[in-house]
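Inspection log for the structure reproduced underneath, given as structure tokens.
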Amino acid sequence: MATFRQRALNEAATHPAERFSVEDRPVSKYFGQNVLTLDKMRAYMSKQAYEAVLAAVRFGAKLDRSVSNEIATGMKAWAMEMGATHYTHLFQPLTDSTAEKHEAFIMVKDGQAFERFSGSALVQQEPDASSFPNGGLRNTFEARGYSAWDPSSPVFIMDGTLCIPSVFVSYTGEALDTKVPNLKSIQALSDAATSVANLFDDNVTSVGVNLGIEQEYFLVDESLYNARPDLVLCNRTVIGHTSAKDQQLEDHYFGAIPSKVSAFMKDFETEAYKLGILLQTRHNEVAPNQFECAPLFCEATNAIDQNMMLMIIMQKIAEKHHLKVIFHEKPFDGVNGSGKHCNWSMMTNTGVNLLSPGKTPTKNLQFLSFFSAVVNAVYKHHYLLMAGVSNLSNSYRLGGNEAPPAVMSVFAGSTLSNIFEAIGNMQALKEENNLESIKIVNSLPEIFPDNTDRNRTSPFAFTGNRFEFRAVGSSINVASAIYILNSVVAESLNRFRAEVDALVAAGEDKSQAIMSVIRKFTVESKDIMFEGNGYSKEWEAESERRGLRAVKNVPESYEVYHEKQTVDLFVNLGVLTADEVEARFEILNETYVKKLQIEARVIGDICLNHVIPAAVKYQNILIENVKGFKEIFGDEYKSLCASEFAALKKISTYINNISKDVEELVEARKRANKIEDIALRAKIYSKEVKDYMDKVRYSADHLEMIIDDEMWPLPKYRELLFF
């Protein structure tokens with residue numbers, strides 16, 4: 001009888017490469033067709049209603065409920081023309097995913113059916129909050145939670161449903177999502193950055209955050225995926241021996257895209273274009289069956305919403321292609337994991353990128369001000385930034401020789417590094433040709449974007465006119481990392497402006513005062529600047545000497561949320577209340593425990609119900625083989641069966657080890673589960689439970705290399721990664 005694995009392999013071979021979402025028109029003809037843009041709104045509502053929406057979108061004005069019915073009616077008319085029958089508030093709870101509850105437009109009164117969508121239904125819904133993480137922000141018996149339309153994100157149609165991007169809050173107003181703190185952090189950053197920008201240009205009235213999110217992912221054949229209980233339940237393989245060939249030849253990276261994958265990519269790109277997602281890049285990544293797509297940058301809130309939509313689209317389209325998309329940061333041991341690189345910058349309402357070097361002394365003084373403030377913010381809150389991207393799945397990726405190290409550093413490139421070293425040492429600056437010495441402030445040199453290769457080992461690298469936050473994991477909602485980044489930079493910019501004002505008030509020239517603060521910020525944060533190999537043992541020791549804290553244990557890193565400077569950061573900026581900070585601490589630990597608990601149960605189940613039975617069957621075959629040799633060759637069989645005896649001994653040892661270690665794993669879980677304090681329970685899980693899982697995996701992976709290939713029950717790495 002064929003094993004589950006063999007049946008899956010046979011089925012996988014029948015899955016063809018074909019297209020499903022074919023468009024004969026140029027992309028420009030259908031781009032954004034499923035999005036209700038501001039331009040489209042004009043045709044569906046009065047001037048008064050349209051201007052109310054316009055004010056809410058562009059200036060953050062509160063929407064007057066007196067026009068909400070007309071806005072809702074216009075939205076319904078457009079949605080029905082597009083074939084929609086339902087609507088939903090699409091929100092982002094603290095689960096790193098999206099949530100939705102669909103309601104039908106259809107109503108019946110006096111036996112007559114009609115479609116209705118009221119302004120109150122548009123503005124606010126009560127989708128229930130009983131099962132969403134809340135970290136103690138509401139009473140267990142009170143299921144109340146409210147979703148409210150976020151006008152800054154356009155509504156759109158997906159699968160016949162009008163999707164309304166929304167925020168999600170508790171009955172008493174606390175944020176139960178990632179979007180509310182992100183919106184607040186963007187406002188806080190805008191206020192702080194505008195204040196500093198006004199030192200150079202009084203015309204700046206607001207500063208926005210731009211974000212470009214690169215998305216890495218793995219693809220696995222659907223049949224092979226379903227034959228792996230660990231992939232189905234954990235999105236990663238909890239056991240599995242490395243393939244003889246994986247990424248060591250680097251022949252997959254930027255290689256020709258396989259036809260089946262290309263068909264999938266073209267289909268999800270088509271659907272993404274219809275939703276206004278401007279995807280520009282697709283390519284093979286380093287690991288086999290690993291790929292990447294990347295859009296053009298846009299306003300941060302829209303970028304995050306679009307990334308969440310993109311992940312949904314990719315999963316839906318993959319099903320049509322008999323594929324599974326894996327967003328987990330480390331689904332396969334021994335090969336590269338996946339990240340979600342966030343290209344972050346600040347843009348004024350006048351169209352100036354504040355992180356773009358200029359050609360005049362004034363422009364470069366402005367650039368250096370913002371650059372030094374960002375670097376100082378990263379230095380001051382480096383541990384919080386790393387803790388903000390640390391969860392169970394990303395912990396398998398961070399710190400390896402294939403992903404950003406678990407300690408923060410900033411890469412600036414040789415040009416900027418030399419400039420900041422000179423500023424810190426109060427030395428003269430020199431032009432690139434080294435012919436002319438230039439005094440600081442009086443005549444800053446032209447600063448060129450660094451033309452050397454970007455440091456791929458840096459978690460936070462400057463890449464010409466933006467910072468690339470590379471430590472963010474591929475599966476998460478990046479809002480949970482970006483609102484921290486926005487907040488720390490806002491705090492730093494507020495301090496920058498206050499210190500400049502103090503020096504000017506004391507009689508110092510404004511330009512000199514600005515340079516004095518740049519110098520101070522540069523000196524303070526010099527330890528975070530690093531141009532070398534972040535993977536090296538030397539940097540590990542050097543970073544510790546510099547006082548940079550590495551995330552060595554995920555639950556322990558969450559204690560940063562209890563530190564005074566973290567709480568003060570969020571509270572003073574109005575991004576989170578003290579209770580909301582504490583709630584996130586609770587939720588992070590709770591999520592860590594639950595996910596690791598699932599993985600621990602899955603590895604026990606796989607080993608006891610799949611691996612050991614297969615090992616015993618093969619063991620019995622070897623025993624029968626030895627018996628046959630004994631009957632034929634008599635005492636000579638002992639020397640003839642030396643390899644069988646060795647294999648039997650190894651198999652027995654590994655079987656016994658698995659049985660013992662799984663039993664101890666279960667007991668470790670039971671002990672941990674008795675601990676009421678969730679933070680302490682998470683720490684126990686991260687050490688004791690995880691250690692036993694590693695022991696179980698060691699034995700299981702060695703058995704995979706001994707047991708007859710046809711008897712091994714689970715698809716192997718060579719099959720999962722090279723379908």
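Residues are named by chain letter and number: chains run A, B, ... in the order of the structure tokens, numbers start at 1 in each chain, and ligands are numbered from 1 in the order shown.
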Handout entry: Selection: 9 Å around Val167 of chain A, only C-alpha atoms, excl. self and same-chain fewer than 4 positions, as a PyMOL selection string
Key = chain A and resi 89-93+146-150+175-180
Exercise for the section: Using only C-alpha atoms, determine which residues lie at most 7 Å from segment 497-499 of chain A, disregarding the query and same-chain residues fewer than 6 positions distant; provide the list as a ChimeraX atom specification. Expected result: /A:195-196,517
Using N, CA, C and O atoms, can you write the selected residues to a file as a PDB file, in the first residue's frame?
```
ATOM      1  N   SER A 195       7.924  70.169  12.553  1.00  0.00           N
ATOM      2  CA  SER A 195       8.589  71.155  13.408  1.00  0.00           C
ATOM      3  C   SER A 195      10.063  71.316  13.026  1.00  0.00           C
ATOM      4  O   SER A 195      10.576  72.435  12.938  1.00  0.00           O
ATOM      5  N   VAL A 196      10.745  70.216  12.785  1.00  0.00           N
ATOM      6  CA  VAL A 196      12.155  70.278  12.393  1.00  0.00           C
ATOM      7  C   VAL A 196      12.289  70.808  10.965  1.00  0.00           C
ATOM      8  O   VAL A 196      13.172  71.621  10.673  1.00  0.00           O
ATOM      9  N   VAL A 517      23.596  70.302  17.325  1.00  0.00           N
ATOM     10  CA  VAL A 517      22.717  69.203  17.728  1.00  0.00           C
ATOM     11  C   VAL A 517      22.986  67.973  16.867  1.00  0.00           C
ATOM     12  O   VAL A 517      22.967  66.834  17.362  1.00  0.00           O
TER      13      VAL A 517
END
```
Problem - Residue among A:Glu719, A:Tyr50, A:Leu548, A:Ala8 lying closest to Ala244 of chain A, counting only C-alpha atoms - result: A:Glu719
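For the residues A:Thr270, A:Gln280, A:Ser185, A:Ser206, ranking by smallest atom-to-atom distance to Asn34 of chain A using only C-alpha atoms places A:Thr270 first.
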Completion exercise
Using only C-alpha atoms, the best pick from A:Asn307, A:Ser262, A:Thr88, A:Thr360 as closest to Val155 of chain A would be A:Thr88
Exercise for the section: Write out as an NGL selection string each polymer residue whose atoms come within 10 Å of Thr205 of chain A, counting only C-alpha atoms; drop sequence neighbours fewer than 5 positions from it. Expected result: :A and (190-191 or 193-195 or 197-198 or 348-350)
Exercise for the section: If you run DSSP over the backbone, which residues in segment 27-112 of chain A end up helix (DSSP H, G or I)? Put them as a PyMOL selection string. Expected result: chain A and resi 27-30+38-41+47-59+65-81
Create the file for the chosen residues now, containing C-alpha atoms and written as a short mmCIF file (atom, residue, chain, number, x, y, z; two decimals), in the first residue's frame.
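Ended up saving to out37.cif:
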```cif
data_model
loop_
_atom_site.label_atom_id
_atom_site.label_comp_id
_atom_site.auth_asym_id
_atom_site.auth_seq_id
_atom_site.Cartn_x
_atom_site.Cartn_y
_atom_site.Cartn_z
CA VAL A 27 -2.33 46.86 -17.04
CA SER A 28 -3.03 50.59 -17.20
CA LYS A 29 -6.54 49.85 -18.52
CA TYR A 30 -7.66 47.82 -15.50
CA LEU A 38 -11.77 59.68 -4.90
CA ASP A 39 -12.18 60.38 -8.61
CA LYS A 40 -14.81 57.64 -8.93
CA MET A 41 -16.68 58.92 -5.87
CA LYS A 47 -20.49 67.73 -3.95
CA GLN A 48 -21.07 68.18 -0.21
CA ALA A 49 -20.66 64.48 0.53
CA TYR A 50 -17.64 64.20 -1.76
CA GLU A 51 -15.91 67.17 -0.13
CA ALA A 52 -16.57 65.64 3.31
CA VAL A 53 -14.78 62.45 2.24
CA LEU A 54 -12.01 64.49 0.60
CA ALA A 55 -11.42 66.45 3.81
CA ALA A 56 -11.31 63.23 5.83
CA VAL A 57 -8.83 61.57 3.47
CA ARG A 58 -6.48 64.49 2.80
CA PHE A 59 -6.65 66.46 6.01
CA ARG A 65 -22.42 61.75 10.19
CA SER A 66 -25.06 63.94 8.55
CA VAL A 67 -23.61 63.01 5.14
CA SER A 68 -22.73 59.39 5.99
CA ASN A 69 -26.02 58.02 4.59
CA GLU A 70 -25.37 59.63 1.23
CA ILE A 71 -21.78 58.38 1.18
CA ALA A 72 -22.94 54.86 2.06
CA THR A 73 -25.62 54.95 -0.65
CA GLY A 74 -23.04 56.01 -3.22
CA MET A 75 -20.66 53.27 -2.13
CA LYS A 76 -23.45 50.69 -2.37
CA ALA A 77 -24.40 51.84 -5.88
CA TRP A 78 -20.80 51.49 -7.07
CA ALA A 79 -20.33 48.15 -5.30
CA MET A 80 -23.51 46.67 -6.80
CA GLU A 81 -22.44 47.79 -10.28
#
```
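Using only C-alpha atoms, the shortest contact distance between Val232 of chain A and any of A:Ala646, A:Ala550, A:Leu249, A:Val325 is found at A:Val325.
Candidate residues A:Asn336, A:Leu94, A:Gly145, A:Arg545 were compared for distance to Ala479 of chain A, and the nearest is A:Leu94, using only C-alpha atoms.
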Handout entry: Contacts of Val666 of chain A at 9 Å (only C-alpha atoms; same-chain gap of 6+ positions) as a list of chain:residue names
Key =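 My reading of the contact set: A:Ala600, A:Arg601, A:Gly604, A:Val689.
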Could the residues in this selection be written to a file with N, CA and C atoms, as a PDB file, in the first residue's frame?
```pdb
ATOM      1  N   ALA A 600       4.833  22.018  19.718  1.00  0.00           N
ATOM      2  CA  ALA A 600       5.266  20.920  20.589  1.00  0.00           C
ATOM      3  C   ALA A 600       4.321  19.730  20.472  1.00  0.00           C
ATOM      4  N   ARG A 601       3.032  20.003  20.393  1.00  0.00           N
ATOM      5  CA  ARG A 601       2.064  18.912  20.260  1.00  0.00           C
ATOM      6  C   ARG A 601       2.169  18.248  18.892  1.00  0.00           C
ATOM      7  N   GLY A 604       5.248  15.962  18.661  1.00  0.00           N
ATOM      8  CA  GLY A 604       4.982  14.726  19.394  1.00  0.00           C
ATOM      9  C   GLY A 604       4.080  13.803  18.604  1.00  0.00           C
ATOM     10  N   VAL A 689      10.642  23.634  27.106  1.00  0.00           N
ATOM     11  CA  VAL A 689       9.832  22.977  26.076  1.00  0.00           C
ATOM     12  C   VAL A 689      10.571  22.970  24.743  1.00  0.00           C
TER      13      VAL A 689
END
```
